[in-house]
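Engineer: Next comes the structure file work-v6.csv, holding CSV, C-alpha atoms.
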```csv
chain,number,residue,atom,x,y,z
A,1,MET,CA,120.2,120.9,101.9
A,2,LEU,CA,117.1,118.8,102.8
A,3,GLN,CA,114.0,118.7,100.7
A,4,ALA,CA,110.6,117.0,101.4
A,5,ARG,CA,108.2,116.1,98.6
A,6,ASP,CA,105.0,114.2,98.4
A,7,GLU,CA,103.3,112.1,95.6
A,8,HIS,CA,101.7,115.3,94.2
A,9,GLY,CA,105.1,116.8,93.7
A,10,ARG,CA,104.7,119.4,96.4
A,11,ARG,CA,108.1,120.3,97.7
A,12,VAL,CA,109.3,121.9,101.0
A,13,GLY,CA,113.0,123.0,101.3
A,14,SER,CA,114.6,122.6,104.7
A,15,PRO,CA,111.4,121.1,106.2
A,16,LYS,CA,110.6,121.8,109.8
A,17,THR,CA,108.5,119.5,112.0
A,18,SER,CA,105.3,121.5,111.4
A,19,ALA,CA,105.6,121.1,107.6
A,20,LEU,CA,106.4,117.4,107.9
A,21,SER,CA,103.4,116.9,110.2
A,22,ARG,CA,101.1,118.5,107.7
A,23,MET,CA,102.5,116.4,104.9
A,24,VAL,CA,102.0,113.2,106.8
A,25,ALA,CA,98.5,114.2,107.9
A,26,ASN,CA,97.6,114.8,104.3
A,27,LEU,CA,98.6,111.3,103.2
A,28,GLY,CA,95.8,109.2,101.5
A,29,ARG,CA,94.7,107.8,98.2
A,30,GLY,CA,96.5,109.5,95.4
A,31,ASN,CA,99.0,111.1,97.8
A,32,ALA,CA,100.4,108.1,99.6
A,33,PHE,CA,104.0,109.0,100.3
A,34,VAL,CA,106.4,111.6,101.6
A,35,ILE,CA,110.2,111.5,101.0
A,36,VAL,CA,112.7,113.6,102.8
A,37,GLU,CA,116.1,113.6,101.1
A,38,ARG,CA,119.5,115.2,101.2
A,39,VAL,CA,120.0,117.1,98.0
A,40,ASP,CA,123.8,117.5,97.7
A,41,ALA,CA,125.5,117.3,94.4
A,42,GLU,CA,128.9,116.8,96.1
A,43,ALA,CA,127.8,113.7,98.2
A,44,ASP,CA,127.8,110.3,96.6
A,45,GLY,CA,124.9,108.0,97.2
A,46,ASP,CA,121.3,108.4,98.2
A,47,TRP,CA,120.4,109.7,101.7
A,48,TYR,CA,116.7,109.8,102.5
A,49,VAL,CA,113.8,108.7,104.8
A,50,GLN,CA,110.4,108.1,103.4
A,51,VAL,CA,107.0,107.0,104.5
A,52,TRP,CA,104.2,105.3,102.5
A,53,LEU,CA,100.6,105.1,103.8
A,54,ARG,CA,99.6,101.6,102.8
A,55,ASP,CA,96.1,100.5,101.8
A,56,ASP,CA,95.7,98.8,105.3
A,57,ASN,CA,96.3,102.2,106.9
A,58,THR,CA,99.7,101.3,108.3
A,59,TYR,CA,102.8,103.4,107.6
A,60,GLN,CA,105.8,101.8,105.9
A,61,LEU,CA,108.8,103.7,106.9
A,62,GLU,CA,112.2,103.3,105.1
A,63,PHE,CA,115.6,105.0,105.2
A,64,ARG,CA,118.7,104.7,103.1
A,65,ASP,CA,122.2,105.7,104.3
A,66,GLY,CA,124.0,106.2,101.0
A,67,THR,CA,124.0,102.8,99.4
A,68,ALA,CA,121.5,100.0,98.7
A,69,ALA,CA,123.4,97.9,101.3
A,70,GLU,CA,122.2,100.4,103.9
A,71,HIS,CA,118.4,100.4,103.1
A,72,TYR,CA,116.1,99.6,106.0
A,73,GLN,CA,112.3,99.3,106.5
A,74,THR,CA,109.8,99.0,109.3
A,75,ARG,CA,106.0,99.5,109.7
A,76,THR,CA,103.9,101.2,112.3
A,77,ILE,CA,100.3,102.4,112.9
A,78,SER,CA,101.4,105.5,114.7
A,79,GLN,CA,101.3,108.8,112.8
A,80,GLU,CA,103.1,110.5,115.7
A,81,LYS,CA,106.0,108.1,115.5
A,82,VAL,CA,106.3,108.6,111.8
A,83,ILE,CA,106.4,112.4,112.2
A,84,ALA,CA,109.0,112.1,115.0
A,85,ALA,CA,111.1,109.8,112.8
A,86,LEU,CA,111.0,112.2,109.8
A,87,SER,CA,111.7,115.2,112.0
A,88,GLY,CA,114.5,113.4,113.9
A,89,TRP,CA,116.2,112.3,110.7
A,90,SER,CA,115.9,115.8,109.2
A,91,GLU,CA,117.4,117.3,112.3
A,92,GLY,CA,120.2,114.8,112.4
A,93,ARG,CA,119.3,113.4,115.8
A,94,PRO,CA,120.9,109.9,116.1
A,95,GLU,CA,118.1,108.5,118.3
A,96,TRP,CA,115.4,109.1,115.7
A,97,LYS,CA,115.3,105.4,114.7
A,98,ASP,CA,115.5,103.8,118.1
A,99,THR,CA,111.7,103.6,118.4
A,100,PHE,CA,111.5,100.9,115.7
A,101,MET,CA,112.7,97.4,114.8
A,102,TRP,CA,114.3,97.9,111.4
A,103,ASN,CA,114.8,95.2,108.7
A,104,ASN,CA,117.6,95.5,106.2
A,105,ILE,CA,116.0,95.2,102.8
A,106,SER,CA,119.2,95.6,100.7
A,107,THR,CA,118.6,92.4,98.9
A,108,LEU,CA,115.7,94.0,97.1
A,109,PHE,CA,118.2,96.5,95.5
A,110,GLU,CA,121.2,94.3,94.7
A,111,ASP,CA,121.1,95.1,91.0
A,112,ALA,CA,120.2,98.7,91.5
A,113,ASP,CA,123.6,100.2,92.4
```
Take the structure in the file and give it back as structure tokens.
Structural biologist:
Amino acid sequence: MLQARDEHGRRVGSPKTSALSRMVANLGRGNAFVIVERVDAEADGDWYVQVWLRDDNTYQLEFRDGTAAEHYQTRTISQEKVIAALSGWSEGRPEWKDTFMWNNISTLFEDAD
């Protein structure tokens, strides 16, 4: 099952594009991030995509495919691209990440796993 949540703790189960769009549109001071994660007690690892609205009004987008070694990050100014990425990831479309240049940031988490 998928679940989306924001900094205020609001949660949406099995989020659709419309819910993700509203959540991203509501980002701002005090509510700066949205995380969409796979909630599955049987699957090992962390599977999520998240967005953080930075103070410079850019979006920092990250995703993790199970382990710290598979943690990637990019930035964009496009709210539409962020919504498309969150929605595409949620729907399991493999092309969701093709719009961005991703940086592997696994070294930031070497001691975390």
Engineer: Counting only C-alpha atoms, find the residues whose atoms lie at most 7 Å from (112.9, 92.4, 105.8) (file coordinates) and write them out as a PyMOL selection string.
Structural biologist: chain A and resi 73+103-105
Engineer: Could you check how far CA of Thr58 (chain A) sits from CA of Ser78 (chain A), in Å to one decimal?
Structural biologist: 7.8 Å
Engineer: Which of these, A:Leu61, A:Met101, A:Val24, A:Val39, has the shortest distance to Gln79 (chain A) once you count all atoms listed in the file?
Structural biologist: A:Val24
Engineer: Using only C-alpha atoms, which residue out of A:Trp89, A:Asp44, A:Ser106, A:Thr99 lies closest to Tyr72 (chain A)?
Structural biologist: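 For Tyr72 (chain A), the nearest of the candidates is A:Ser106.
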Engineer: For CA of Lys97 (chain A) and CA of Ala85 (chain A), quote the distance in Å rounded to one decimal.
Structural biologist: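 Computing the Euclidean distance for CA of Lys97 (chain A) and CA of Ala85 (chain A) yields 6.4 Å.
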Engineer: Choose the residue, out of A:Glu80, A:Arg38, A:Leu27, A:Gly66, that has the smallest atom-to-atom separation from Arg54 (chain A); count all atoms listed in the file.
Structural biologist: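 Among A:Glu80, A:Arg38, A:Leu27, A:Gly66, it is A:Leu27 that comes nearest to Arg54 (chain A).
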Engineer: By how many Å are CA of Glu42 (chain A) and CA of Gly13 (chain A) apart?
Structural biologist: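 Value for the CA of Glu42 (chain A)-CA of Gly13 (chain A) distance: 17.8 Å.
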Engineer: Excluding same-chain residues fewer than 3 positions from Tyr48 (chain A), what lies within 6 Å of it counting only C-alpha atoms, as a list in words?
Structural biologist: Val36, Glu37, Phe63 and Arg64 of chain A
Engineer: Using only C-alpha atoms, which residues sit within 12 Å of Asn26 (chain A) once same-chain residues fewer than 4 positions away are excluded, as a PyMOL selection string?
Structural biologist: chain A and resi 6-8+10+19-22+30-34+52-53+79
Engineer: Using all atoms listed in the file, find the one residue out of A:Thr74, A:Pro94, A:Ser87, A:Ala69 that sits nearest to Leu108 (chain A).
Structural biologist: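 The closest residue to Leu108 (chain A) is A:Ala69.
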Engineer: Which residue out of A:Ile77, A:Glu95, A:Trp102, A:Asp40 has the minimum interatomic distance to Glu62 (chain A) when only C-alpha atoms are used?
Structural biologist: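 Result for the nearest residue to Glu62 (chain A): A:Trp102.
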Engineer: Place a sphere of radius 9 Å on (126.0, 106.9, 97.3) in the file coordinates and name every protein, DNA or RNA residue with an atom inside or on its surface, counting only C-alpha atoms; give the answer as number ranges by chain.
Structural biologist: A: 43-47, 65-68, 113
Engineer: How would region 3-34 of chain A read, as a PDB file, keeping the file's coordinate frame, once N, CA and C atoms are built in?
Structural biologist:
```pdb
ATOM      1  N   GLN A   3     115.191 118.380 101.437  1.00  0.00           N
ATOM      2  CA  GLN A   3     114.000 118.700 100.700  1.00  0.00           C
ATOM      3  C   GLN A   3     112.949 117.590 100.982  1.00  0.00           C
ATOM      4  N   ALA A   4     111.720 117.983 101.245  1.00  0.00           N
ATOM      5  CA  ALA A   4     110.600 117.000 101.400  1.00  0.00           C
ATOM      6  C   ALA A   4     109.699 117.173 100.201  1.00  0.00           C
ATOM      7  N   ARG A   5     109.164 116.045  99.747  1.00  0.00           N
ATOM      8  CA  ARG A   5     108.200 116.100  98.600  1.00  0.00           C
ATOM      9  C   ARG A   5     107.178 114.986  98.841  1.00  0.00           C
ATOM     10  N   ASP A   6     106.001 115.211  98.287  1.00  0.00           N
ATOM     11  CA  ASP A   6     105.000 114.200  98.400  1.00  0.00           C
ATOM     12  C   ASP A   6     104.629 113.681  96.983  1.00  0.00           C
ATOM     13  N   GLU A   7     103.667 112.773  96.907  1.00  0.00           N
ATOM     14  CA  GLU A   7     103.300 112.100  95.600  1.00  0.00           C
ATOM     15  C   GLU A   7     102.774 113.148  94.623  1.00  0.00           C
ATOM     16  N   HIS A   8     102.166 114.220  95.097  1.00  0.00           N
ATOM     17  CA  HIS A   8     101.700 115.300  94.200  1.00  0.00           C
ATOM     18  C   HIS A   8     102.759 116.161  93.657  1.00  0.00           C
ATOM     19  N   GLY A   9     103.975 115.986  94.160  1.00  0.00           N
ATOM     20  CA  GLY A   9     105.100 116.800  93.700  1.00  0.00           C
ATOM     21  C   GLY A   9     105.286 118.076  94.504  1.00  0.00           C
ATOM     22  N   ARG A  10     104.491 118.278  95.552  1.00  0.00           N
ATOM     23  CA  ARG A  10     104.700 119.400  96.400  1.00  0.00           C
ATOM     24  C   ARG A  10     106.050 119.296  97.112  1.00  0.00           C
ATOM     25  N   ARG A  11     106.801 120.373  97.150  1.00  0.00           N
ATOM     26  CA  ARG A  11     108.100 120.300  97.700  1.00  0.00           C
ATOM     27  C   ARG A  11     108.272 121.394  98.838  1.00  0.00           C
ATOM     28  N   VAL A  12     109.026 121.022  99.873  1.00  0.00           N
ATOM     29  CA  VAL A  12     109.300 121.900 101.000  1.00  0.00           C
ATOM     30  C   VAL A  12     110.837 121.866 101.191  1.00  0.00           C
ATOM     31  N   GLY A  13     111.523 122.999 101.038  1.00  0.00           N
ATOM     32  CA  GLY A  13     113.000 123.000 101.300  1.00  0.00           C
ATOM     33  C   GLY A  13     113.208 123.200 102.795  1.00  0.00           C
ATOM     34  N   SER A  14     114.230 122.533 103.283  1.00  0.00           N
ATOM     35  CA  SER A  14     114.600 122.600 104.700  1.00  0.00           C
ATOM     36  C   SER A  14     113.368 122.417 105.596  1.00  0.00           C
ATOM     37  N   PRO A  15     112.646 121.298 105.479  1.00  0.00           N
ATOM     38  CA  PRO A  15     111.400 121.100 106.200  1.00  0.00           C
ATOM     39  C   PRO A  15     111.530 121.093 107.705  1.00  0.00           C
ATOM     40  N   LYS A  16     110.646 121.793 108.371  1.00  0.00           N
ATOM     41  CA  LYS A  16     110.600 121.800 109.800  1.00  0.00           C
ATOM     42  C   LYS A  16     109.498 120.761 110.244  1.00  0.00           C
ATOM     43  N   THR A  17     109.423 120.473 111.527  1.00  0.00           N
ATOM     44  CA  THR A  17     108.500 119.500 112.000  1.00  0.00           C
ATOM     45  C   THR A  17     107.037 119.851 111.641  1.00  0.00           C
ATOM     46  N   SER A  18     106.677 121.114 111.684  1.00  0.00           N
ATOM     47  CA  SER A  18     105.300 121.500 111.400  1.00  0.00           C
ATOM     48  C   SER A  18     104.958 121.176 109.906  1.00  0.00           C
ATOM     49  N   ALA A  19     105.883 121.403 108.971  1.00  0.00           N
ATOM     50  CA  ALA A  19     105.600 121.100 107.600  1.00  0.00           C
ATOM     51  C   ALA A  19     105.550 119.568 107.370  1.00  0.00           C
ATOM     52  N   LEU A  20     106.442 118.828 108.015  1.00  0.00           N
ATOM     53  CA  LEU A  20     106.400 117.400 107.900  1.00  0.00           C
ATOM     54  C   LEU A  20     105.129 116.802 108.487  1.00  0.00           C
ATOM     55  N   SER A  21     104.689 117.375 109.592  1.00  0.00           N
ATOM     56  CA  SER A  21     103.400 116.900 110.200  1.00  0.00           C
ATOM     57  C   SER A  21     102.261 117.137 109.282  1.00  0.00           C
ATOM     58  N   ARG A  22     102.191 118.284 108.624  1.00  0.00           N
ATOM     59  CA  ARG A  22     101.100 118.500 107.700  1.00  0.00           C
ATOM     60  C   ARG A  22     101.166 117.574 106.495  1.00  0.00           C
ATOM     61  N   MET A  23     102.378 117.329 106.000  1.00  0.00           N
ATOM     62  CA  MET A  23     102.500 116.400 104.900  1.00  0.00           C
ATOM     63  C   MET A  23     102.070 115.014 105.204  1.00  0.00           C
ATOM     64  N   VAL A  24     102.440 114.531 106.385  1.00  0.00           N
ATOM     65  CA  VAL A  24     102.000 113.200 106.800  1.00  0.00           C
ATOM     66  C   VAL A  24     100.523 113.149 107.057  1.00  0.00           C
ATOM     67  N   ALA A  25      99.978 114.195 107.666  1.00  0.00           N
ATOM     68  CA  ALA A  25      98.500 114.200 107.900  1.00  0.00           C
ATOM     69  C   ALA A  25      97.725 114.240 106.643  1.00  0.00           C
ATOM     70  N   ASN A  26      98.297 114.725 105.552  1.00  0.00           N
ATOM     71  CA  ASN A  26      97.600 114.800 104.300  1.00  0.00           C
ATOM     72  C   ASN A  26      97.770 113.534 103.408  1.00  0.00           C
ATOM     73  N   LEU A  27      98.423 112.506 103.945  1.00  0.00           N
ATOM     74  CA  LEU A  27      98.600 111.300 103.200  1.00  0.00           C
ATOM     75  C   LEU A  27      97.223 110.588 102.991  1.00  0.00           C
ATOM     76  N   GLY A  28      97.037 109.972 101.840  1.00  0.00           N
ATOM     77  CA  GLY A  28      95.800 109.200 101.500  1.00  0.00           C
ATOM     78  C   GLY A  28      95.876 108.753 100.090  1.00  0.00           C
ATOM     79  N   ARG A  29      94.776 108.247  99.595  1.00  0.00           N
ATOM     80  CA  ARG A  29      94.700 107.800  98.200  1.00  0.00           C
ATOM     81  C   ARG A  29      95.144 108.884  97.259  1.00  0.00           C
ATOM     82  N   GLY A  30      96.051 108.560  96.353  1.00  0.00           N
ATOM     83  CA  GLY A  30      96.500 109.500  95.400  1.00  0.00           C
ATOM     84  C   GLY A  30      97.629 110.432  95.918  1.00  0.00           C
ATOM     85  N   ASN A  31      97.908 110.345  97.183  1.00  0.00           N
ATOM     86  CA  ASN A  31      99.000 111.100  97.800  1.00  0.00           C
ATOM     87  C   ASN A  31      99.517 110.230  98.963  1.00  0.00           C
ATOM     88  N   ALA A  32     100.135 109.112  98.619  1.00  0.00           N
ATOM     89  CA  ALA A  32     100.400 108.100  99.600  1.00  0.00           C
ATOM     90  C   ALA A  32     101.827 108.111 100.187  1.00  0.00           C
ATOM     91  N   PHE A  33     102.695 109.023  99.721  1.00  0.00           N
ATOM     92  CA  PHE A  33     104.000 109.000 100.300  1.00  0.00           C
ATOM     93  C   PHE A  33     104.633 110.394 100.472  1.00  0.00           C
ATOM     94  N   VAL A  34     105.608 110.432 101.378  1.00  0.00           N
ATOM     95  CA  VAL A  34     106.400 111.600 101.600  1.00  0.00           C
ATOM     96  C   VAL A  34     107.878 111.131 101.672  1.00  0.00           C
TER      97      VAL A  34
END
```
